[in-house]
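The block underneath contains the structure these notes are about, expressed in structure tokens.
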Amino acid sequence: MSARSRHPDPVGCPHSRNAGGTPWRQVAMLATALACAPVVGAPGDTPPAQDAPAAYQATILPILREHCFDCHGEGMDKGGVALDRFASHTALLEDTDLWLRALRNLRAGLMPPPQKPQPTAAQRQQVESWIKTAVFRSNPADPDPGRVTVRRLNRTEYRNTIRDLMGVDFDTEREFPPDDTGHGFDNLSDVLTISPTLLEKYLAAAAEIVGRTVPTVPRAPAEQVVTGSQFRIGTTAPAAGADGSVTLSYYESRQATAAMEPGGAGRFQVVLDLNTTERYVDGQNDYNRARLTMRAGNRELFRREFNREGNRPFRIEFEHDLDAEDRGLTLEVEPLTPGQKQVRALGFRINTITLRGPLDPARFVRPRNYGRFFPREVPADPEERTAYARELLGTFATRAFRRPVDADTVDRLVRLAAVTESQPGKHFEAGIAQAMIAVLASPRFLFREEFPAPGADGSGHPWVDEYSLASRLSYFLWSSMPDDELRTLAGSGRLRAQLTGQVRRMLADPKSEALMRNFTGQWLQARDIESVDIQVRAVLAREDPPDPVLDRQRARSRELRERGYEALSAEERRELDELRAVFARRSSQPLRADLSADVRRAMRRETEMVFDHILRQDRSVLELLDADYTFVNEPLARHYGLTGLSVAGEEMVRVTLPPDSPRGGLLTQGTVLVVTSNPTRTSPVKRGLFVLENVLGTPPPPAPPNVPSLEEAARSVKDRELTLRESLALHREKPLCSSCHNRMDPPGLALENFNALGLWRDQERGVAIDAAGTLVGGESFSGVRELKRLLVTRHRTEFYQTLTGKLLTYALGRGMEFHDVETVDQIVARLEAADGRASALLFGIIESAPFQKRRREPSPRDSTPPSPPAPAATPARRE
């Protein structure tokens with residue numbers, strides 16, 4: 001909202017020039033107002049110095065007058081911004097959104113525009129300092145930590161927390177709806193709302209999780225679980241997935257065996273858990289069938305024929321009689337259609353086979369997991385049973401709530417357990433399980449509560465207590481609950497003192513993979529690579545030599561189809577059918593490249609592993625922009641055309657890139673190149689927007705409505721097909737589009753040598769690709785190599801600021817606001833002093849005021865709600 005819209009009759013309004021005097025008189029009136037108006041500060045903020053209004057008049061106003069008023073004063077209000085239309089000093093200082101935009105544009109060199117006279121470095125520093133001290137009222141000694149909002153666990157955090165608390169992998173992606181996103185992340189408190197439907201799903205999930213893990217009886221049938229990775233084909237173990245599953249192809253006769261002992265004769269329950277799998281291939285089907293047979297010893301237990309089922313889960317349960325001789329499990333696959341074309345890599349992914357029995361109660365044993373949840377025998381004495389229930393539930397609730405539970409809550413849980421146990425056929429274990437369901441359905445489990453440390457003296461923003469700090473650490477680095485060591489240190493008040501050692505320990509834990517996967521998956525949109533729609537044949541066709549005959553055939557086919565099949569003559573229908581046959585024959589020809597599921601997964605792993613390597617090896621974060629190495633496996637190296645490297649198999653390894661390679665850095669990784677493309681072609685606009693948003697931190701405003709597409713702009717040229725560069729040049733001629741596209745297009749066009757599959761190319765439609773350009777600040781480059789060097793050498797600070805803001809957003813669960821500028825600047829200063837080492841970034845965030853403290857409430861600056869979160873990803877509206 002502009003100053004004019006807030007103040008309909010502001011001091012210095014240009015429409016009152018005749019009545020109110022010259023513009024300079026208006027400036028004088030504003031200066032007088034600034035000199036006289038009081039300043040209202042927020043609790044914990046540093047008030048500006050007493051001579052701040054005079055300093056503004058003496059130093060800041062002349063700089064604004066010289067460099068800003070041509071566009072934003074004296075009757076000019078480009079972008080709806082006029083710096084001489086504030087009604088008072090207070091109004092000027094309260095428009096923090098305006099001054100935050102001004103600060104960002106000033107630092108990025110966007111304002112004043114490059115073609116205008118520029119302020120000196122000293123003048124820039126004066127304006128920056130005034131905005132931070134007078135407008136933001138920053139206190140470097142005690143930065144404002146910002147809002148603390150109760151945060152719901154998102155799907156990933158819930159899944160990991162249940163894994164660590166209960167020892168079971170609960171598929172939240174299947175059971176819960178996707179989380180909303182804001183500022184590009186799905187762990188922000190402002191968007192993690194809870195609906196009645198989601199609440200019902202949490203209740204159902206709590207019951208299912210406890211039912212799968214917590215025994216409800218003291219004795220039960222013996223249970224054996226055989227995972228897919230335990231099977232052998234002959235003497236060879238087939239390659240197993242990370243989850244322990246193994247995949248058997250529809251196309252090959254195979255017998256896979258695994259050890260299993262029934263443990264005696266009797267009736268058994270058998271549960272076969274599998275998924276049918278396939279690889280997506282554009283425009284091609286697979287009609288193969290296969291028979292799956294399961295045997296115990298020589299006894300057949302199960303037989304079924306499968307068609308192509310898609311990626312579909314199957315849970316097959318049945319009972320069967322077995323005797324002691326039925327040793328070992330065998331899974332046999334028989335192809336039923338050997339003559340069919342094998343297209344989609346159809347297969348059976350064997351997850352687990354569970355055998356329960358004998359089902360004779362006299363032969364029951366302690367249930368699986370019994371010792372995990374019931375470490376001692378259940379006492380017979382009622383008072384001792386109550387004490388045991390209190391011990392079990394108090395310990396469980398303390399872990400689940402991530403802080404000590406109060407006695408009243410434990411009493412209620414114990415009463416619930418006792419009521420359940422008293423029901424016919426129920427046992428002590430069933431009562432405990434029911435109380436655990438109540439814990440998992442509690443808001444204190446689903447939401448992360450945070451409290452200030454006791455003993456705050458009110459002199460500044462208080463520290464969060466150590467249990468809150470333990471949760472902040474664990475959900476930042478692990479996306480999961482604190483472990484026993486964190487809880488123990490928090491309980492003894494020693495966590496903050498041992499912070500450095502604990503962070504290093506947590507990074508060494510495999511659970512820290514969550515940070516690498518979840519942060520890069522959202523900041524760089526790497527999680528989208530496995531699902532983004534790319535039409536491989538159409539993308540590659542743009543690089544084929546010009547084919548006038550094919551172009552005429554396509555135009556004729558389009559003309560006939562637009563008229564409608566029923567309106568065509570018999571001869572025209574035959575012509576259209578013949579054209580379709582021609583296109584079908586072309587589409588059946590093998591492709592020179594593909595974007596298979598394996599390649600997509602490798603691309604995502606490349607992005608994650610580069611970030612992981614930089615963080616764990618404490619390398620410069622500038623290597624995210626440009627590096628002489630990357631991580632690939634054999635399929636990805638082949639896809640990239642990296643020949644001559646010693647890479648074999650599926651394992652991702654670090655490789656040194658050839659000296660002349662354009663690869664290296666996130667902008668040339670397949671994830672970024674693919675997710676910023678359109679289905680049939682590259683998108684310089686999306687790619688340029690990605691650079692502005694995620695590297696430079698200067699995203700353009702949203703596109704205005706009804707902006708014509710590039711294709712519409714290109715239709716004005718009739719005699720030939722335009723290149724994307726030429727189409728964008730036409731698009732930029734429109735005044736409505738030029739300002740943003742002058743910023744977005746150059747970095748996007750620098751990546752044009754990479755097609756929508758992430759492959760290098762030198763031409764499109766027979767025209768050599770021109771990847772040269774000039775950034776809005778005036779720096780020229782000839783292609784992606786020079787662009788990367790420019791970003792590293794000339795725009796290092798902007799990248800430090802952007803990366804810090806993104807990681808802070810992820811760590812804090814809220815978007816960056818004006819009061820975070822001081823914190824970001826302090827972390828960037830650490831990065832500059834440490835030559836960009838990742839440890840300076842990570843510990844700068846963990847040791848920062850927003851991570852360690854909470855705002856001393858109430859703060860008048862939070863009397864209005866925060867601005868809505870930014871969209872999660874590149875909007876489809878651009879192209």
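Chain labels run A, B, ... following the order of the structure tokens; each chain numbers its residues from 1, and ligands are numbered from 1 in the order shown.
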request  = Do a neighbour search on Gly146 (chain A) at 8 Å with only C-alpha atoms, toss out local chain neighbours closer than 5 positions, and write the hits as number ranges by chain.
outcome  = A: 819-820, 850, 854-855
Proximity check region 354-458 of chain A to region 222-226 of chain A, 12 Å, nearest pairs one decimal Å, only C-alpha atoms, as JSON lines:
{"residue": "A:Thr354", "atom": "CA", "partner": "A:Val225", "partner_atom": "CA", "distance": 4.4}
{"residue": "A:Leu355", "atom": "CA", "partner": "A:Gln224", "partner_atom": "CA", "distance": 5.1}
{"residue": "A:Arg356", "atom": "CA", "partner": "A:Glu223", "partner_atom": "CA", "distance": 4.4}
{"residue": "A:Gly357", "atom": "CA", "partner": "A:Ala222", "partner_atom": "CA", "distance": 5.3}
{"residue": "A:Pro358", "atom": "CA", "partner": "A:Ala222", "partner_atom": "CA", "distance": 7.1}
{"residue": "A:Leu359", "atom": "CA", "partner": "A:Ala222", "partner_atom": "CA", "distance": 8.4}
{"residue": "A:Asp360", "atom": "CA", "partner": "A:Ala222", "partner_atom": "CA", "distance": 10.2}
{"residue": "A:Pro361", "atom": "CA", "partner": "A:Ala222", "partner_atom": "CA", "distance": 10.4}
{"residue": "A:Ala362", "atom": "CA", "partner": "A:Ala222", "partner_atom": "CA", "distance": 11.4}
{"residue": "A:Arg363", "atom": "CA", "partner": "A:Ala222", "partner_atom": "CA", "distance": 8.2}
{"residue": "A:Phe364", "atom": "CA", "partner": "A:Ala222", "partner_atom": "CA", "distance": 6.3}
{"residue": "A:Val365", "atom": "CA", "partner": "A:Ala222", "partner_atom": "CA", "distance": 5.8}
{"residue": "A:Arg366", "atom": "CA", "partner": "A:Ala222", "partner_atom": "CA", "distance": 7.7}
{"residue": "A:Pro367", "atom": "CA", "partner": "A:Ala222", "partner_atom": "CA", "distance": 7.0}
{"residue": "A:Arg368", "atom": "CA", "partner": "A:Glu223", "partner_atom": "CA", "distance": 7.2}
{"residue": "A:Asn369", "atom": "CA", "partner": "A:Glu223", "partner_atom": "CA", "distance": 10.9}
Could those selected residues go to a file with N, CA and C atoms, as a short mmCIF file (atom, residue, chain, number, x, y, z; two decimals), in the first residue's frame?
data_model
loop_
_atom_site.label_atom_id
_atom_site.label_comp_id
_atom_site.auth_asym_id
_atom_site.auth_seq_id
_atom_site.Cartn_x
_atom_site.Cartn_y
_atom_site.Cartn_z
N THR A 354 5.25 -61.59 6.27
CA THR A 354 5.10 -61.81 7.71
C THR A 354 4.40 -63.13 7.94
N LEU A 355 4.98 -63.94 8.83
CA LEU A 355 4.41 -65.25 9.19
C LEU A 355 4.10 -65.23 10.68
N ARG A 356 2.82 -65.43 11.03
CA ARG A 356 2.41 -65.43 12.44
C ARG A 356 1.82 -66.79 12.78
N GLY A 357 2.34 -67.41 13.84
CA GLY A 357 1.80 -68.69 14.26
C GLY A 357 2.86 -69.54 14.95
N PRO A 358 2.44 -70.71 15.37
CA PRO A 358 1.09 -71.27 15.25
C PRO A 358 0.06 -70.44 16.03
N LEU A 359 -1.18 -70.51 15.55
CA LEU A 359 -2.26 -69.71 16.13
C LEU A 359 -2.90 -70.36 17.35
N ASP A 360 -2.31 -71.44 17.86
CA ASP A 360 -2.77 -72.12 19.07
C ASP A 360 -2.39 -71.27 20.29
N PRO A 361 -3.36 -70.79 21.10
CA PRO A 361 -3.02 -69.93 22.25
C PRO A 361 -2.02 -70.56 23.20
N ALA A 362 -2.00 -71.88 23.30
CA ALA A 362 -1.07 -72.53 24.22
C ALA A 362 0.38 -72.33 23.80
N ARG A 363 0.60 -71.92 22.56
CA ARG A 363 1.97 -71.76 22.06
C ARG A 363 2.31 -70.29 21.82
N PHE A 364 1.51 -69.38 22.38
CA PHE A 364 1.78 -67.96 22.22
C PHE A 364 3.06 -67.57 22.96
N VAL A 365 3.67 -66.45 22.53
CA VAL A 365 4.90 -65.93 23.13
C VAL A 365 4.72 -64.43 23.39
N ARG A 366 5.76 -63.81 23.93
CA ARG A 366 5.72 -62.36 24.10
C ARG A 366 5.60 -61.71 22.72
N PRO A 367 4.71 -60.72 22.58
CA PRO A 367 4.56 -60.08 21.26
C PRO A 367 5.81 -59.30 20.87
N ARG A 368 5.92 -59.07 19.58
CA ARG A 368 7.01 -58.24 19.07
C ARG A 368 6.91 -56.85 19.69
N ASN A 369 8.01 -56.23 20.01
CA ASN A 369 8.11 -54.90 20.61
C ASN A 369 7.70 -54.86 22.08
#
Tell me, as a PDB file with N, CA, C and O atoms, in the first residue's frame, which residues lie within 12 Å of Val536 (chain A), counting only C-alpha atoms; anything in the same chain fewer than 3 positions away does not count.
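out12.pdb written:
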ATOM      1  N   TYR A 280       7.887 -44.848 -16.034  1.00  0.00           N
ATOM      2  CA  TYR A 280       7.075 -44.078 -16.979  1.00  0.00           C
ATOM      3  C   TYR A 280       7.837 -43.892 -18.282  1.00  0.00           C
ATOM      4  O   TYR A 280       9.006 -43.502 -18.293  1.00  0.00           O
ATOM      5  N   VAL A 281       7.170 -44.198 -19.399  1.00  0.00           N
ATOM      6  CA  VAL A 281       7.711 -43.965 -20.733  1.00  0.00           C
ATOM      7  C   VAL A 281       6.662 -43.203 -21.512  1.00  0.00           C
ATOM      8  O   VAL A 281       5.518 -43.654 -21.647  1.00  0.00           O
ATOM      9  N   ASP A 282       7.042 -42.053 -22.013  1.00  0.00           N
ATOM     10  CA  ASP A 282       6.103 -41.148 -22.667  1.00  0.00           C
ATOM     11  C   ASP A 282       5.433 -41.813 -23.865  1.00  0.00           C
ATOM     12  O   ASP A 282       6.093 -42.252 -24.809  1.00  0.00           O
ATOM     13  N   GLY A 283       4.089 -41.929 -23.813  1.00  0.00           N
ATOM     14  CA  GLY A 283       3.307 -42.354 -24.966  1.00  0.00           C
ATOM     15  C   GLY A 283       3.379 -43.823 -25.309  1.00  0.00           C
ATOM     16  O   GLY A 283       2.906 -44.221 -26.378  1.00  0.00           O
ATOM     17  N   VAL A 532       7.907 -33.629 -12.273  1.00  0.00           N
ATOM     18  CA  VAL A 532       7.648 -32.561 -13.235  1.00  0.00           C
ATOM     19  C   VAL A 532       7.440 -33.165 -14.625  1.00  0.00           C
ATOM     20  O   VAL A 532       8.121 -34.108 -15.027  1.00  0.00           O
ATOM     21  N   ASP A 533       6.475 -32.611 -15.345  1.00  0.00           N
ATOM     22  CA  ASP A 533       6.103 -33.135 -16.660  1.00  0.00           C
ATOM     23  C   ASP A 533       7.054 -32.598 -17.723  1.00  0.00           C
ATOM     24  O   ASP A 533       7.114 -31.393 -17.965  1.00  0.00           O
ATOM     25  N   VAL A 539      10.849 -32.127 -26.664  1.00  0.00           N
ATOM     26  CA  VAL A 539      12.042 -31.344 -26.322  1.00  0.00           C
ATOM     27  C   VAL A 539      13.167 -31.633 -27.311  1.00  0.00           C
ATOM     28  O   VAL A 539      13.810 -30.718 -27.840  1.00  0.00           O
ATOM     29  N   LEU A 540      13.420 -32.908 -27.580  1.00  0.00           N
ATOM     30  CA  LEU A 540      14.510 -33.267 -28.472  1.00  0.00           C
ATOM     31  C   LEU A 540      14.231 -32.842 -29.908  1.00  0.00           C
ATOM     32  O   LEU A 540      15.168 -32.544 -30.667  1.00  0.00           O
ATOM     33  N   ALA A 541      12.950 -32.806 -30.284  1.00  0.00           N
ATOM     34  CA  ALA A 541      12.610 -32.429 -31.659  1.00  0.00           C
ATOM     35  C   ALA A 541      13.036 -31.005 -31.977  1.00  0.00           C
ATOM     36  O   ALA A 541      13.292 -30.678 -33.143  1.00  0.00           O
ATOM     37  N   ARG A 542      13.124 -30.148 -30.968  1.00  0.00           N
ATOM     38  CA  ARG A 542      13.527 -28.765 -31.206  1.00  0.00           C
ATOM     39  C   ARG A 542      14.988 -28.668 -31.644  1.00  0.00           C
ATOM     40  O   ARG A 542      15.420 -27.629 -32.144  1.00  0.00           O
ATOM     41  N   GLU A 543      15.747 -29.730 -31.409  1.00  0.00           N
ATOM     42  CA  GLU A 543      17.155 -29.725 -31.787  1.00  0.00           C
ATOM     43  C   GLU A 543      17.418 -30.525 -33.057  1.00  0.00           C
ATOM     44  O   GLU A 543      18.569 -30.649 -33.490  1.00  0.00           O
ATOM     45  N   SER A 587       7.044 -41.559 -33.603  1.00  0.00           N
ATOM     46  CA  SER A 587       7.059 -41.624 -32.138  1.00  0.00           C
ATOM     47  C   SER A 587       7.531 -42.971 -31.619  1.00  0.00           C
ATOM     48  O   SER A 587       7.920 -43.080 -30.455  1.00  0.00           O
ATOM     49  N   PRO A 590      13.355 -45.067 -31.432  1.00  0.00           N
ATOM     50  CA  PRO A 590      14.051 -44.872 -30.154  1.00  0.00           C
ATOM     51  C   PRO A 590      14.581 -43.452 -30.025  1.00  0.00           C
ATOM     52  O   PRO A 590      14.980 -42.815 -31.005  1.00  0.00           O
ATOM     53  N   LEU A 591      14.589 -42.963 -28.782  1.00  0.00           N
ATOM     54  CA  LEU A 591      15.077 -41.619 -28.494  1.00  0.00           C
ATOM     55  C   LEU A 591      16.576 -41.650 -28.222  1.00  0.00           C
ATOM     56  O   LEU A 591      17.105 -42.635 -27.696  1.00  0.00           O
ATOM     57  N   ARG A 592      17.253 -40.564 -28.551  1.00  0.00           N
ATOM     58  CA  ARG A 592      18.688 -40.490 -28.288  1.00  0.00           C
ATOM     59  C   ARG A 592      18.990 -40.164 -26.831  1.00  0.00           C
ATOM     60  O   ARG A 592      20.151 -40.257 -26.389  1.00  0.00           O
ATOM     61  N   ALA A 593      17.972 -39.779 -26.085  1.00  0.00           N
ATOM     62  CA  ALA A 593      18.136 -39.501 -24.656  1.00  0.00           C
ATOM     63  C   ALA A 593      16.782 -39.671 -23.989  1.00  0.00           C
ATOM     64  O   ALA A 593      15.741 -39.644 -24.645  1.00  0.00           O
ATOM     65  N   ASP A 594      16.795 -39.869 -22.683  1.00  0.00           N
ATOM     66  CA  ASP A 594      15.547 -40.044 -21.947  1.00  0.00           C
ATOM     67  C   ASP A 594      15.708 -39.416 -20.566  1.00  0.00           C
ATOM     68  O   ASP A 594      16.827 -39.170 -20.100  1.00  0.00           O
ATOM     69  N   LEU A 595      14.584 -39.143 -19.946  1.00  0.00           N
ATOM     70  CA  LEU A 595      14.584 -38.610 -18.586  1.00  0.00           C
ATOM     71  C   LEU A 595      13.903 -39.652 -17.705  1.00  0.00           C
ATOM     72  O   LEU A 595      12.795 -39.456 -17.211  1.00  0.00           O
ATOM     73  N   SER A 596      14.574 -40.765 -17.523  1.00  0.00           N
ATOM     74  CA  SER A 596      13.999 -41.895 -16.797  1.00  0.00           C
ATOM     75  C   SER A 596      13.896 -41.582 -15.307  1.00  0.00           C
ATOM     76  O   SER A 596      14.490 -40.620 -14.801  1.00  0.00           O
ATOM     77  N   VAL A 674      15.674 -28.743 -15.174  1.00  0.00           N
ATOM     78  CA  VAL A 674      14.429 -29.423 -15.560  1.00  0.00           C
ATOM     79  C   VAL A 674      13.223 -28.753 -14.909  1.00  0.00           C
ATOM     80  O   VAL A 674      12.219 -28.480 -15.576  1.00  0.00           O
ATOM     81  N   SER A 677      11.859 -25.582 -16.517  1.00  0.00           N
ATOM     82  CA  SER A 677      11.503 -25.670 -17.933  1.00  0.00           C
ATOM     83  C   SER A 677      10.012 -25.888 -18.091  1.00  0.00           C
ATOM     84  O   SER A 677       9.311 -26.272 -17.144  1.00  0.00           O
ATOM     85  N   ASN A 678       9.530 -25.648 -19.289  1.00  0.00           N
ATOM     86  CA  ASN A 678       8.161 -25.997 -19.664  1.00  0.00           C
ATOM     87  C   ASN A 678       8.136 -27.444 -20.152  1.00  0.00           C
ATOM     88  O   ASN A 678       9.189 -28.025 -20.430  1.00  0.00           O
ATOM     89  N   PRO A 679       6.980 -28.048 -20.299  1.00  0.00           N
ATOM     90  CA  PRO A 679       6.943 -29.470 -20.708  1.00  0.00           C
ATOM     91  C   PRO A 679       7.619 -29.751 -22.037  1.00  0.00           C
ATOM     92  O   PRO A 679       8.181 -30.831 -22.215  1.00  0.00           O
ATOM     93  N   THR A 680       7.570 -28.801 -22.984  1.00  0.00           N
ATOM     94  CA  THR A 680       8.101 -29.081 -24.320  1.00  0.00           C
ATOM     95  C   THR A 680       9.318 -28.246 -24.687  1.00  0.00           C
ATOM     96  O   THR A 680       9.882 -28.445 -25.762  1.00  0.00           O
ATOM     97  N   ARG A 681       9.739 -27.338 -23.810  1.00  0.00           N
ATOM     98  CA  ARG A 681      10.873 -26.483 -24.148  1.00  0.00           C
ATOM     99  C   ARG A 681      11.428 -25.848 -22.878  1.00  0.00           C
ATOM    100  O   ARG A 681      10.838 -25.949 -21.799  1.00  0.00           O
ATOM    101  N   THR A 682      12.557 -25.198 -23.056  1.00  0.00           N
ATOM    102  CA  THR A 682      13.118 -24.445 -21.936  1.00  0.00           C
ATOM    103  C   THR A 682      12.265 -23.214 -21.663  1.00  0.00           C
ATOM    104  O   THR A 682      11.438 -22.808 -22.479  1.00  0.00           O
ATOM    105  N   ASN A 755      19.054 -27.862 -22.527  1.00  0.00           N
ATOM    106  CA  ASN A 755      17.653 -28.025 -22.900  1.00  0.00           C
ATOM    107  C   ASN A 755      16.816 -28.411 -21.688  1.00  0.00           C
ATOM    108  O   ASN A 755      17.295 -28.442 -20.551  1.00  0.00           O
ATOM    109  N   ALA A 756      15.551 -28.721 -21.916  1.00  0.00           N
ATOM    110  CA  ALA A 756      14.629 -29.012 -20.811  1.00  0.00           C
ATOM    111  C   ALA A 756      14.904 -30.352 -20.148  1.00  0.00           C
ATOM    112  O   ALA A 756      14.306 -30.666 -19.119  1.00  0.00           O
ATOM    113  N   LEU A 757      15.819 -31.146 -20.703  1.00  0.00           N
ATOM    114  CA  LEU A 757      16.256 -32.390 -20.067  1.00  0.00           C
ATOM    115  C   LEU A 757      17.548 -32.194 -19.292  1.00  0.00           C
ATOM    116  O   LEU A 757      18.055 -33.140 -18.685  1.00  0.00           O
ATOM    117  N   GLY A 758      18.106 -30.981 -19.347  1.00  0.00           N
ATOM    118  CA  GLY A 758      19.385 -30.725 -18.701  1.00  0.00           C
ATOM    119  C   GLY A 758      20.574 -31.114 -19.553  1.00  0.00           C
ATOM    120  O   GLY A 758      21.698 -31.166 -19.055  1.00  0.00           O
ATOM    121  N   LEU A 759      20.354 -31.374 -20.842  1.00  0.00           N
ATOM    122  CA  LEU A 759      21.422 -31.756 -21.754  1.00  0.00           C
ATOM    123  C   LEU A 759      22.013 -30.519 -22.426  1.00  0.00           C
ATOM    124  O   LEU A 759      21.297 -29.572 -22.736  1.00  0.00           O
TER     125      LEU A 759
END
request  = Quick one: everything within 8 Å of His72 (chain A), counting only C-alpha atoms, minus sequence neighbours fewer than 5 positions away in the same chain. Send it as a VMD selection string.
outcome  = chain A and resid 77 to 78 81 to 84
Based on the selection just made, write all heavy atoms of those residues as an mmCIF file, in the first residue's frame.
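Output saved as selection21.cif:
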data_model
loop_
_atom_site.group_PDB
_atom_site.id
_atom_site.type_symbol
_atom_site.label_atom_id
_atom_site.label_comp_id
_atom_site.auth_asym_id
_atom_site.auth_seq_id
_atom_site.Cartn_x
_atom_site.Cartn_y
_atom_site.Cartn_z
ATOM 1 N N ASP A 77 5.541 9.206 -8.718
ATOM 2 C CA ASP A 77 5.342 8.089 -7.780
ATOM 3 C C ASP A 77 5.410 6.762 -8.519
ATOM 4 O O ASP A 77 4.488 5.954 -8.480
ATOM 5 C CB ASP A 77 4.024 8.230 -7.019
ATOM 6 C CG ASP A 77 2.817 8.224 -7.947
ATOM 7 O OD1 ASP A 77 3.019 8.306 -9.176
ATOM 8 O OD2 ASP A 77 1.685 8.100 -7.439
ATOM 9 N N LYS A 78 6.525 6.551 -9.225
ATOM 10 C CA LYS A 78 6.687 5.283 -9.936
ATOM 11 C C LYS A 78 6.564 4.116 -8.964
ATOM 12 O O LYS A 78 7.122 4.148 -7.866
ATOM 13 C CB LYS A 78 8.045 5.251 -10.634
ATOM 14 C CG LYS A 78 8.119 6.117 -11.877
ATOM 15 C CD LYS A 78 9.408 5.865 -12.650
ATOM 16 C CE LYS A 78 9.434 6.671 -13.947
ATOM 17 N NZ LYS A 78 10.674 6.428 -14.715
ATOM 18 N N VAL A 81 5.219 4.645 -5.263
ATOM 19 C CA VAL A 81 6.065 5.062 -4.148
ATOM 20 C C VAL A 81 6.421 6.536 -4.308
ATOM 21 O O VAL A 81 6.972 6.947 -5.334
ATOM 22 C CB VAL A 81 7.355 4.221 -4.079
ATOM 23 C CG1 VAL A 81 8.294 4.757 -2.996
ATOM 24 C CG2 VAL A 81 7.023 2.764 -3.830
ATOM 25 N N ALA A 82 6.093 7.328 -3.307
ATOM 26 C CA ALA A 82 6.488 8.730 -3.246
ATOM 27 C C ALA A 82 7.058 9.000 -1.864
ATOM 28 O O ALA A 82 6.379 8.795 -0.861
ATOM 29 C CB ALA A 82 5.311 9.649 -3.532
ATOM 30 N N LEU A 83 8.304 9.438 -1.824
ATOM 31 C CA LEU A 83 8.987 9.594 -0.544
ATOM 32 C C LEU A 83 8.719 10.927 0.124
ATOM 33 O O LEU A 83 9.229 11.182 1.212
ATOM 34 C CB LEU A 83 10.503 9.422 -0.749
ATOM 35 C CG LEU A 83 10.925 8.063 -1.308
ATOM 36 C CD1 LEU A 83 12.440 8.031 -1.523
ATOM 37 C CD2 LEU A 83 10.500 6.942 -0.383
ATOM 38 N N ASP A 84 7.928 11.821 -0.509
ATOM 39 C CA ASP A 84 7.627 13.122 0.107
ATOM 40 C C ASP A 84 6.142 13.255 0.422
ATOM 41 O O ASP A 84 5.617 14.361 0.464
ATOM 42 C CB ASP A 84 8.096 14.269 -0.796
ATOM 43 C CG ASP A 84 7.423 14.243 -2.172
ATOM 44 O OD1 ASP A 84 6.705 13.258 -2.454
ATOM 45 O OD2 ASP A 84 7.621 15.201 -2.944
#
request  = Fewer than 3 positions away in the same chain doesn't count, so skip those; otherwise give me all residues within 9 Å of region 291-305 of chain A, counting only C-alpha atoms, as number ranges by chain.
outcome  = A: 250, 260, 262, 270, 318-320, 322, 325-336, 348
inquiry  = Under the rule that only C-alpha atoms are counted, which of A:Arg415, A:Lys116, A:Arg505, A:Arg402 is the nearest residue to Phe451 (chain A)?
reply    =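 Nearest to Phe451 (chain A): A:Arg402.
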query = Using only C-alpha atoms, which residues sit within 8 Å of Pro701 (chain A) once same-chain residues fewer than 2 positions away are excluded, as an MDAnalysis selection string?
reply = chainID A and resid 699 703 740
I need the chosen residues saved as a short mmCIF file (atom, residue, chain, number, x, y, z; two decimals), in the first residue's frame, with C-alpha atoms.
data_model
loop_
_atom_site.label_atom_id
_atom_site.label_comp_id
_atom_site.auth_asym_id
_atom_site.auth_seq_id
_atom_site.Cartn_x
_atom_site.Cartn_y
_atom_site.Cartn_z
CA PRO A 699 12.46 -11.37 -7.23
CA ALA A 703 3.17 -10.33 -13.39
CA CYS A 740 10.79 -7.17 -15.09
#
ask   = Could you work out how far CA of His183 (chain A) lies from CA of Ser480 (chain A), giving the answer in Å with one decimal?
value =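 Here the two named atoms are 21.4 Å from each other.
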key: CA of Val784 (chain A) to CA of Arg600 (chain A), distance in Å rounded to a single decimal   = 22.5 Å
